[in-house]
$ cat structure_19.pdb   # PDB, C-alpha atoms and all ligand atoms
ATOM      1  CA  MET A   1      11.539  10.906  -1.965
ATOM      2  CA  GLU A   2      12.703  14.486  -1.829
ATOM      3  CA  GLU A   3      11.471  16.229   1.282
ATOM      4  CA  ILE A   4       9.914  19.676   0.812
ATOM      5  CA  LEU A   5       8.482  20.338   4.237
ATOM      6  CA  HIS A   6       8.643  18.449   7.505
ATOM      7  CA  TYR A   7       7.020  19.145  10.862
ATOM      8  CA  GLU A   8       8.295  16.901  13.622
ATOM      9  CA  ASN A   9       6.389  16.764  16.886
ATOM     10  CA  VAL A  10       5.628  20.490  16.655
ATOM     11  CA  THR A  11       3.777  22.187  19.474
ATOM     12  CA  PHE A  12       2.836  25.829  19.894
ATOM     13  CA  LYS A  13       1.698  27.363  23.147
ATOM     14  CA  ARG A  14       0.261  30.816  23.762
ATOM     15  CA  ASN A  15      -0.926  32.180  27.088
ATOM     16  CA  GLY A  16      -0.809  28.715  28.608
ATOM     17  CA  ARG A  17      -2.959  27.272  25.840
ATOM     18  CA  GLU A  18      -1.709  24.591  23.486
ATOM     19  CA  ILE A  19      -2.658  25.768  19.990
ATOM     20  CA  LEU A  20      -0.715  23.072  18.107
ATOM     21  CA  LYS A  21      -0.286  19.656  19.693
ATOM     22  CA  GLY A  22       2.426  17.319  18.470
ATOM     23  CA  ILE A  23       2.148  17.882  14.737
ATOM     24  CA  ASP A  24       3.945  15.370  12.493
ATOM     25  CA  TRP A  25       3.570  16.156   8.824
ATOM     26  CA  ARG A  26       5.877  15.546   5.899
ATOM     27  CA  ILE A  27       5.413  16.787   2.349
ATOM     28  CA  ASN A  28       7.453  15.338  -0.497
ATOM     29  CA  LYS A  29       8.123  16.573  -3.985
ATOM     30  CA  GLY A  30       5.393  15.506  -6.380
ATOM     31  CA  GLU A  31       2.641  15.854  -3.766
ATOM     32  CA  ASN A  32      -0.052  18.510  -3.638
ATOM     33  CA  TRP A  33      -1.764  18.856  -0.279
ATOM     34  CA  VAL A  34      -5.015  20.306   0.946
ATOM     35  CA  LEU A  35      -5.121  21.367   4.574
ATOM     36  CA  LEU A  36      -8.652  21.274   5.958
ATOM     37  CA  GLY A  37      -9.699  22.490   9.358
ATOM     38  CA  LEU A  38     -12.431  24.492  11.034
ATOM     39  CA  ASN A  39     -11.918  28.128  12.055
ATOM     40  CA  GLY A  40      -9.411  28.303  14.866
ATOM     41  CA  SER A  41      -8.036  24.782  14.344
ATOM     42  CA  GLY A  42      -4.501  26.160  13.888
ATOM     43  CA  LYS A  43      -3.956  26.257  10.112
ATOM     44  CA  SER A  44      -2.503  29.780   9.952
ATOM     45  CA  THR A  45      -0.303  29.114  12.972
ATOM     46  CA  LEU A  46       1.029  25.960  11.348
ATOM     47  CA  LEU A  47       1.748  27.587   7.992
ATOM     48  CA  GLY A  48       3.155  30.739   9.623
ATOM     49  CA  MET A  49       6.092  28.581  10.659
ATOM     50  CA  ILE A  50       7.238  28.224   7.034
ATOM     51  CA  PRO A  51       8.302  31.862   6.601
ATOM     52  CA  ALA A  52       9.232  31.771  10.317
ATOM     53  CA  TYR A  53       6.647  34.388  11.333
ATOM     54  CA  ILE A  54       5.878  31.927  14.125
ATOM     55  CA  PHE A  55       8.282  29.659  15.993
ATOM     56  CA  PRO A  56       7.367  26.293  17.461
ATOM     57  CA  THR A  57       7.374  26.053  21.255
ATOM     58  CA  SER A  58       8.889  22.594  20.825
ATOM     59  CA  GLY A  59       9.626  20.259  17.948
ATOM     60  CA  GLU A  60      11.187  21.036  14.623
ATOM     61  CA  VAL A  61      10.157  22.461  11.251
ATOM     62  CA  ARG A  62      12.348  21.858   8.218
ATOM     63  CA  VAL A  63      11.752  23.617   4.910
ATOM     64  CA  PHE A  64      13.602  22.177   1.891
ATOM     65  CA  ARG A  65      15.540  20.150   4.492
ATOM     66  CA  HIS A  66      16.807  23.302   6.198
ATOM     67  CA  LYS A  67      16.241  24.066   9.822
ATOM     68  CA  PHE A  68      15.630  27.634  10.931
ATOM     69  CA  GLY A  69      18.765  29.166  12.377
ATOM     70  CA  ASN A  70      21.198  27.124  10.316
ATOM     71  CA  TYR A  71      20.503  28.832   7.023
ATOM     72  CA  SER A  72      19.551  32.192   5.538
ATOM     73  CA  TRP A  73      15.771  32.223   5.866
ATOM     74  CA  LYS A  74      15.452  34.953   3.253
ATOM     75  CA  LYS A  75      16.659  32.407   0.708
ATOM     76  CA  ILE A  76      14.074  29.917   1.942
ATOM     77  CA  LYS A  77      11.283  32.496   1.789
ATOM     78  CA  ASN A  78      12.261  33.348  -1.771
ATOM     79  CA  ARG A  79      11.621  29.750  -2.730
ATOM     80  CA  VAL A  80       8.054  29.814  -1.368
ATOM     81  CA  GLY A  81       5.213  31.554  -3.203
ATOM     82  CA  PHE A  82       2.275  32.782  -1.137
ATOM     83  CA  VAL A  83      -1.213  33.606  -2.300
ATOM     84  CA  SER A  84      -3.080  34.480   0.833
ATOM     85  CA  SER A  85      -5.399  36.909   2.450
ATOM     86  CA  THR A  86      -2.366  38.553   4.130
ATOM     87  CA  LEU A  87      -1.294  39.943   0.748
ATOM     88  CA  ASN A  88      -4.534  41.900   0.812
ATOM     89  CA  ASN A  89      -3.024  43.814   3.737
ATOM     90  CA  PHE A  90      -0.891  45.523   1.143
ATOM     91  CA  SER A  91      -3.866  46.245  -1.061
ATOM     92  CA  SER A  92      -3.620  50.007  -0.708
ATOM     93  CA  THR A  93      -0.098  49.756  -2.139
ATOM     94  CA  LEU A  94      -1.165  47.188  -4.715
ATOM     95  CA  ASN A  95      -4.241  49.100  -5.866
ATOM     96  CA  GLY A  96      -2.319  51.725  -7.807
ATOM     97  CA  GLU A  97       0.065  49.250  -9.448
ATOM     98  CA  LYS A  98      -0.310  47.935 -12.975
ATOM     99  CA  LEU A  99      -1.146  44.230 -13.222
ATOM    100  CA  GLU A 100       1.977  43.549 -15.296
ATOM    101  CA  ASP A 101       4.213  45.258 -12.719
ATOM    102  CA  ILE A 102       2.667  43.257  -9.886
ATOM    103  CA  VAL A 103       3.466  40.031 -11.714
ATOM    104  CA  ILE A 104       7.034  41.208 -12.423
ATOM    105  CA  SER A 105       7.496  42.224  -8.771
ATOM    106  CA  GLY A 106       7.084  38.536  -7.862
ATOM    107  CA  LYS A 107      10.643  38.053  -9.060
ATOM    108  CA  PHE A 108      11.901  40.331  -6.320
ATOM    109  CA  SER A 109       9.492  39.039  -3.653
ATOM    110  CA  SER A 110       8.463  42.641  -3.100
ATOM    111  CA  ILE A 111       5.418  44.799  -3.585
ATOM    112  CA  GLY A 112       6.546  47.359  -6.108
ATOM    113  CA  ILE A 113       9.610  47.105  -8.316
ATOM    114  CA  TYR A 114      12.850  48.256  -6.738
ATOM    115  CA  ASP A 115      15.313  46.426  -8.973
ATOM    116  CA  GLU A 116      16.092  46.607 -12.626
ATOM    117  CA  VAL A 117      13.671  44.751 -14.892
ATOM    118  CA  THR A 118      15.280  42.974 -17.834
ATOM    119  CA  ASP A 119      13.656  42.201 -21.181
ATOM    120  CA  GLU A 120      13.783  38.579 -20.123
ATOM    121  CA  ASP A 121      11.760  39.343 -16.971
ATOM    122  CA  ARG A 122       9.151  41.139 -19.032
ATOM    123  CA  GLU A 123       8.910  38.282 -21.530
ATOM    124  CA  LYS A 124       8.560  35.751 -18.758
ATOM    125  CA  ALA A 125       5.865  37.817 -17.040
ATOM    126  CA  ASP A 126       3.982  38.185 -20.319
ATOM    127  CA  LYS A 127       4.050  34.422 -20.858
ATOM    128  CA  ILE A 128       2.643  33.799 -17.354
ATOM    129  CA  ILE A 129       0.047  36.565 -17.818
ATOM    130  CA  GLU A 130      -1.054  34.820 -20.994
ATOM    131  CA  ASP A 131      -1.162  31.400 -19.303
ATOM    132  CA  PHE A 132      -3.359  32.882 -16.583
ATOM    133  CA  ARG A 133      -5.578  34.555 -19.192
ATOM    134  CA  ILE A 134      -5.255  38.057 -17.854
ATOM    135  CA  SER A 135      -3.519  39.646 -20.870
ATOM    136  CA  TYR A 136      -6.617  41.689 -21.677
ATOM    137  CA  ILE A 137      -6.152  43.679 -18.474
ATOM    138  CA  LYS A 138      -2.375  43.644 -18.116
ATOM    139  CA  ASN A 139      -2.079  47.448 -18.218
ATOM    140  CA  ASN A 140      -4.933  47.989 -15.768
ATOM    141  CA  ARG A 141      -4.443  48.992 -12.144
ATOM    142  CA  PHE A 142      -4.939  46.267  -9.550
ATOM    143  CA  GLY A 143      -7.586  48.281  -7.703
ATOM    144  CA  THR A 144      -9.831  48.282 -10.782
ATOM    145  CA  LEU A 145      -9.751  44.481 -11.258
ATOM    146  CA  SER A 146     -12.523  42.159 -10.130
ATOM    147  CA  GLN A 147     -11.764  39.915  -7.142
ATOM    148  CA  GLY A 148     -11.352  36.903  -9.429
ATOM    149  CA  GLU A 149      -8.916  38.795 -11.658
ATOM    150  CA  GLN A 150      -7.023  39.979  -8.584
ATOM    151  CA  ARG A 151      -6.597  36.417  -7.310
ATOM    152  CA  ARG A 152      -5.340  35.237 -10.717
ATOM    153  CA  THR A 153      -2.906  38.160 -10.753
ATOM    154  CA  LEU A 154      -1.569  37.175  -7.316
ATOM    155  CA  LEU A 155      -1.214  33.570  -8.429
ATOM    156  CA  ALA A 156       0.655  34.720 -11.562
ATOM    157  CA  ARG A 157       2.880  36.843  -9.316
ATOM    158  CA  ALA A 158       3.700  33.802  -7.190
ATOM    159  CA  PHE A 159       4.664  31.806 -10.296
ATOM    160  CA  MET A 160       7.022  34.542 -11.537
ATOM    161  CA  ASN A 161       9.639  33.578  -8.975
ATOM    162  CA  GLU A 162       9.501  29.882  -9.964
ATOM    163  CA  PRO A 163       8.989  28.837  -6.342
ATOM    164  CA  ASP A 164       9.612  25.307  -5.110
ATOM    165  CA  LEU A 165       6.466  25.412  -2.990
ATOM    166  CA  LEU A 166       3.209  27.343  -3.263
ATOM    167  CA  ILE A 167       1.047  28.152  -0.263
ATOM    168  CA  LEU A 168      -2.487  28.971  -1.304
ATOM    169  CA  ASP A 169      -4.381  30.190   1.723
ATOM    170  CA  GLU A 170      -8.096  30.200   0.936
ATOM    171  CA  PRO A 171      -7.417  31.649  -2.514
ATOM    172  CA  CYS A 172     -11.045  31.307  -3.580
ATOM    173  CA  SER A 173     -12.715  32.817  -0.528
ATOM    174  CA  GLY A 174     -15.145  35.514  -1.549
ATOM    175  CA  LEU A 175     -15.206  34.466  -5.208
ATOM    176  CA  ASP A 176     -18.410  33.555  -7.005
ATOM    177  CA  VAL A 177     -18.688  30.070  -8.522
ATOM    178  CA  THR A 178     -17.634  31.225 -11.987
ATOM    179  CA  SER A 179     -14.532  33.070 -10.777
ATOM    180  CA  ARG A 180     -13.683  30.214  -8.434
ATOM    181  CA  GLU A 181     -13.826  27.676 -11.240
ATOM    182  CA  TYR A 182     -11.737  29.930 -13.454
ATOM    183  CA  PHE A 183      -9.079  30.257 -10.766
ATOM    184  CA  LEU A 184      -9.057  26.506 -10.112
ATOM    185  CA  LYS A 185      -8.813  25.755 -13.828
ATOM    186  CA  VAL A 186      -5.753  27.952 -14.200
ATOM    187  CA  LEU A 187      -4.140  26.313 -11.171
ATOM    188  CA  GLU A 188      -5.041  22.878 -12.497
ATOM    189  CA  GLU A 189      -3.532  23.563 -15.920
ATOM    190  CA  ASN A 190      -0.299  24.691 -14.296
ATOM    191  CA  SER A 191      -0.180  21.560 -12.190
ATOM    192  CA  LYS A 192      -0.077  19.498 -15.369
ATOM    193  CA  ASN A 193       3.186  21.084 -16.530
ATOM    194  CA  ASP A 194       6.388  19.060 -16.334
ATOM    195  CA  ASN A 195       7.830  21.584 -13.909
ATOM    196  CA  ALA A 196       4.669  21.772 -11.809
ATOM    197  CA  ILE A 197       5.151  23.420  -8.428
ATOM    198  CA  PRO A 198       3.960  21.477  -5.380
ATOM    199  CA  PHE A 199       1.317  23.299  -3.371
ATOM    200  CA  ILE A 200      -0.424  23.396  -0.029
ATOM    201  CA  TYR A 201      -3.978  24.591  -0.424
ATOM    202  CA  VAL A 202      -5.883  25.748   2.640
ATOM    203  CA  THR A 203      -9.635  25.775   2.369
ATOM    204  CA  HIS A 204     -12.927  25.158   4.133
ATOM    205  CA  GLN A 205     -14.590  24.126   0.894
ATOM    206  CA  ILE A 206     -14.352  20.454  -0.048
ATOM    207  CA  GLU A 207     -15.518  21.295  -3.566
ATOM    208  CA  GLU A 208     -12.251  23.131  -4.230
ATOM    209  CA  ILE A 209     -10.252  19.909  -3.950
ATOM    210  CA  MET A 210      -9.239  19.462  -7.577
ATOM    211  CA  PRO A 211      -7.970  16.280  -9.275
ATOM    212  CA  SER A 212      -4.351  17.506  -9.018
ATOM    213  CA  VAL A 213      -4.543  17.331  -5.211
ATOM    214  CA  THR A 214      -2.909  14.094  -4.103
ATOM    215  CA  HIS A 215      -3.032  14.301  -0.302
ATOM    216  CA  VAL A 216      -5.216  15.777   2.425
ATOM    217  CA  ALA A 217      -4.505  16.622   6.056
ATOM    218  CA  LEU A 218      -7.328  17.260   8.525
ATOM    219  CA  LEU A 219      -6.475  19.596  11.364
ATOM    220  CA  HIS A 220      -8.775  19.479  14.361
ATOM    221  CA  ASP A 221      -8.244  21.449  17.528
ATOM    222  CA  GLY A 222      -4.487  21.744  17.012
ATOM    223  CA  LYS A 223      -4.001  18.086  16.128
ATOM    224  CA  ILE A 224      -3.754  16.222  12.858
ATOM    225  CA  LEU A 225      -6.891  14.127  12.913
ATOM    226  CA  ALA A 226      -5.870  12.265   9.745
ATOM    227  CA  LYS A 227      -3.504  12.689   6.830
ATOM    228  CA  GLY A 228      -2.740  10.721   3.697
ATOM    229  CA  LEU A 229      -3.953  10.005   0.202
ATOM    230  CA  LYS A 230      -6.990  12.079  -0.763
ATOM    231  CA  LYS A 231      -9.394   9.159  -1.216
ATOM    232  CA  ASP A 232      -8.443   7.637   2.141
ATOM    233  CA  ILE A 233      -9.015  10.876   4.035
ATOM    234  CA  LEU A 234     -12.090  12.341   2.366
ATOM    235  CA  THR A 235     -14.447   9.796   3.869
ATOM    236  CA  ASP A 236     -17.891  10.372   5.379
ATOM    237  CA  LYS A 237     -16.617   9.176   8.743
ATOM    238  CA  LEU A 238     -13.503  11.347   9.025
ATOM    239  CA  LEU A 239     -15.149  14.487   7.656
ATOM    240  CA  SER A 240     -18.200  14.085   9.892
ATOM    241  CA  GLN A 241     -15.807  13.786  12.816
ATOM    242  CA  MET A 242     -13.861  16.882  11.772
ATOM    243  CA  PHE A 243     -16.886  19.075  11.067
ATOM    244  CA  GLY A 244     -18.866  17.715  14.003
ATOM    245  CA  LEU A 245     -21.728  17.275  11.519
ATOM    246  CA  ASP A 246     -23.228  14.316   9.729
ATOM    247  CA  VAL A 247     -21.870  14.720   6.186
ATOM    248  CA  LYS A 248     -21.570  12.621   3.071
ATOM    249  CA  ILE A 249     -19.078  12.922   0.213
ATOM    250  CA  VAL A 250     -20.135  12.387  -3.370
ATOM    251  CA  TRP A 251     -17.436  12.071  -6.059
ATOM    252  CA  GLU A 252     -18.244  13.608  -9.422
ATOM    253  CA  ASN A 253     -15.706  14.391 -12.182
ATOM    254  CA  GLU A 254     -12.921  13.367  -9.813
ATOM    255  CA  ARG A 255     -14.004  16.045  -7.375
ATOM    256  CA  PRO A 256     -15.596  15.573  -3.954
ATOM    257  CA  TRP A 257     -18.847  17.355  -3.145
ATOM    258  CA  LEU A 258     -20.165  17.723   0.358
ATOM    259  CA  ILE A 259     -23.710  16.925   1.361
ATOM    260  CA  VAL A 260     -24.950  17.721   4.853
ATOM    261  CA  ARG A 261     -27.320  15.043   6.104
TER     262      ARG A 261
HETATM  263  N1  LIG A 301      -0.792  35.210  18.848
HETATM  264  C1  LIG A 301      -1.783  34.520  19.398
HETATM  265  N2  LIG A 301      -2.094  34.674  20.699
HETATM  266  C2  LIG A 301      -3.100  33.961  21.274
HETATM  267  N3  LIG A 301      -3.847  33.078  20.597
HETATM  268  C3  LIG A 301      -3.589  32.886  19.305
HETATM  269  C4  LIG A 301      -2.546  33.572  18.627
HETATM  270  N4  LIG A 301      -2.527  33.170  17.343
HETATM  271  C5  LIG A 301      -3.515  32.279  17.213
HETATM  272  N5  LIG A 301      -4.166  32.106  18.374
HETATM  273  C6  LIG A 301      -5.292  31.175  18.634
HETATM  274  O1  LIG A 301      -4.905  29.912  18.117
HETATM  275  C7  LIG A 301      -6.006  29.240  17.514
HETATM  276  C8  LIG A 301      -5.640  28.851  16.097
HETATM  277  O2  LIG A 301      -5.599  30.005  15.286
HETATM  278  P1  LIG A 301      -5.294  29.974  13.719
HETATM  279  O3  LIG A 301      -5.399  31.364  13.223
HETATM  280  O4  LIG A 301      -4.026  29.247  13.508
HETATM  281  O5  LIG A 301      -6.509  29.083  13.185
HETATM  282  P2  LIG A 301      -6.995  28.835  11.672
HETATM  283  O6  LIG A 301      -7.222  27.373  11.570
HETATM  284  O7  LIG A 301      -6.058  29.443  10.724
HETATM  285  O8  LIG A 301      -8.384  29.584  11.659
HETATM  286  P3  LIG A 301      -9.223  30.289  10.454
HETATM  287  O9  LIG A 301      -9.756  29.192   9.607
HETATM  288  O10 LIG A 301     -10.317  30.978  11.205
HETATM  289  O11 LIG A 301      -8.312  31.223   9.744
HETATM  290  C9  LIG A 301      -7.189  30.193  17.637
HETATM  291  O12 LIG A 301      -7.983  29.799  18.730
HETATM  292  C10 LIG A 301      -6.554  31.554  17.875
HETATM  293  O13 LIG A 301      -7.397  32.370  18.659
END
$ encode --input "structure_19.pdb" --output "structure tokens" --more "lines below"
Ligand SMILES: Nc1ncnc2c1ncn2[C@@H]1O[C@H](COP(=O)(O)OP(=O)(O)OP(=O)(O)O)[C@@H](O)[C@H]1O
Amino acid sequence: MEEILHYENVTFKRNGREILKGIDWRINKGENWVLLGLNGSGKSTLLGMIPAYIFPTSGEVRVFRHKFGNYSWKKIKNRVGFVSSTLNNFSSTLNGEKLEDIVISGKFSSIGIYDEVTDEDREKADKIIEDFRISYIKNNRFGTLSQGEQRRTLLARAFMNEPDLLILDEPCSGLDVTSREYFLKVLEENSKNDNAIPFIYVTHQIEEIMPSVTHVALLHDGKILAKGLKKDILTDKLLSQMFGLDVKIVWENERPWLIVR
């Protein structure tokens, strides 16, 4: 199976504290993963190693079978689409931009358009904008969109570059149930395409684990508590252990729902 991402015995230490402890995790093409973990369990640190914002203290991370240092990391980063809260750091720049231009800018992995836009780019962006059902606001400025519309715009932007991996870092945080379901539906529809892009979805909310998710990894205090096929991992026992709470999972419409006992 084609390897997309591979962590091998990865540790990360800061100020004498071990934040990640011997992480082994491999993601193959055709798999969609959810990464679950409490606040401070190390999720951002782990994923920050993909764009090489963070370097392991020991162990190895390979992205698309390339090891950092042996290959142009800009090329690797261009193959990964991010929808995360960190993009909101650019929101003052984004706010004044037109939705359509933000989607097009995904092609250049930039905020703002600094390269020439071809008719083909525009057509492609329009098709994605339609797929994500945001055509009705495509000429509106980002800052005027609702949070749900903004998240769909950022997802559309990530798709523009046809990435080989999508990292969705709590993409539904702060959304109401309706907007959340709308976002998840759009993501789900795209996962059904022949050229579906594998994703890693970080969340605290079990309910967001959609049918297209195949695998789950539980991160607990810098260690992988369990990883594997969704149904094997989302068990009352493992989740109770991870949350430190007595919880029960109920499956409904191929989605897990959490009940606190
Ligand atoms: N640069 C740093 N220096 C010191 N400690 C750090 C640094 N970066 C992260 N940490 C610590 O490492 C731990 C893991 O942080 P991380 O942000 O990876 O967790 P997380 O699982 O993403 O949390 P959240 O769900 O709250 O976003 C935390 O205890 C955090 O305080």
$ closest_residue --input "structure_19.pdb" --among "A:Thr93, A:Thr144, A:Asn32, A:Ser105" --to "A:Thr118" --atoms "all atoms listed in the file"
A:Ser105
$ residues_near_ligand --input "structure_19.pdb" --ligand "ligand LIG 301 (chain A)" --cutoff "10 Å" --atoms "all atoms listed in the file" --output "number ranges by chain"
A: 12-20, 35-48, 54, 85, 169-170, 202-204, 219-222
$ closest_residue --input "structure_19.pdb" --among "A:Phe199, A:Glu123, A:His6, A:Leu99" --to "A:Arg157" --atoms "all atoms listed in the file"
A:Leu99
$ residues_around --input "structure_19.pdb" --residues "stretch 173-181 of chain A" --least-positions-apart "3" --cutoff "10 Å" --atoms "only C-alpha atoms" --output "PDB file with C-alpha atoms, keeping the file's coordinate frame"
ATOM      1  CA  SER A  84      -3.080  34.480   0.833  1.00  0.00           C
ATOM      2  CA  SER A  85      -5.399  36.909   2.450  1.00  0.00           C
ATOM      3  CA  SER A 146     -12.523  42.159 -10.130  1.00  0.00           C
ATOM      4  CA  GLN A 147     -11.764  39.915  -7.142  1.00  0.00           C
ATOM      5  CA  GLY A 148     -11.352  36.903  -9.429  1.00  0.00           C
ATOM      6  CA  GLU A 149      -8.916  38.795 -11.658  1.00  0.00           C
ATOM      7  CA  ARG A 151      -6.597  36.417  -7.310  1.00  0.00           C
ATOM      8  CA  ARG A 152      -5.340  35.237 -10.717  1.00  0.00           C
ATOM      9  CA  ASP A 169      -4.381  30.190   1.723  1.00  0.00           C
ATOM     10  CA  GLU A 170      -8.096  30.200   0.936  1.00  0.00           C
ATOM     11  CA  LEU A 184      -9.057  26.506 -10.112  1.00  0.00           C
ATOM     12  CA  LYS A 185      -8.813  25.755 -13.828  1.00  0.00           C
ATOM     13  CA  VAL A 186      -5.753  27.952 -14.200  1.00  0.00           C
ATOM     14  CA  LEU A 187      -4.140  26.313 -11.171  1.00  0.00           C
ATOM     15  CA  THR A 203      -9.635  25.775   2.369  1.00  0.00           C
ATOM     16  CA  HIS A 204     -12.927  25.158   4.133  1.00  0.00           C
ATOM     17  CA  GLN A 205     -14.590  24.126   0.894  1.00  0.00           C
ATOM     18  CA  GLU A 208     -12.251  23.131  -4.230  1.00  0.00           C
TER      19      GLU A 208
END
$ resolve_selection --input "structure_19.pdb" --expression "the PyMOL selection byres (((chain A and resi 5) around 9) and not hetatm)" --output "list in words"
Glu3, Ile4, His6, Tyr7, Trp25, Arg26, Ile27, Asn28, Ile50, Val61, Arg62, Val63, Phe64 and Arg65 of chain A
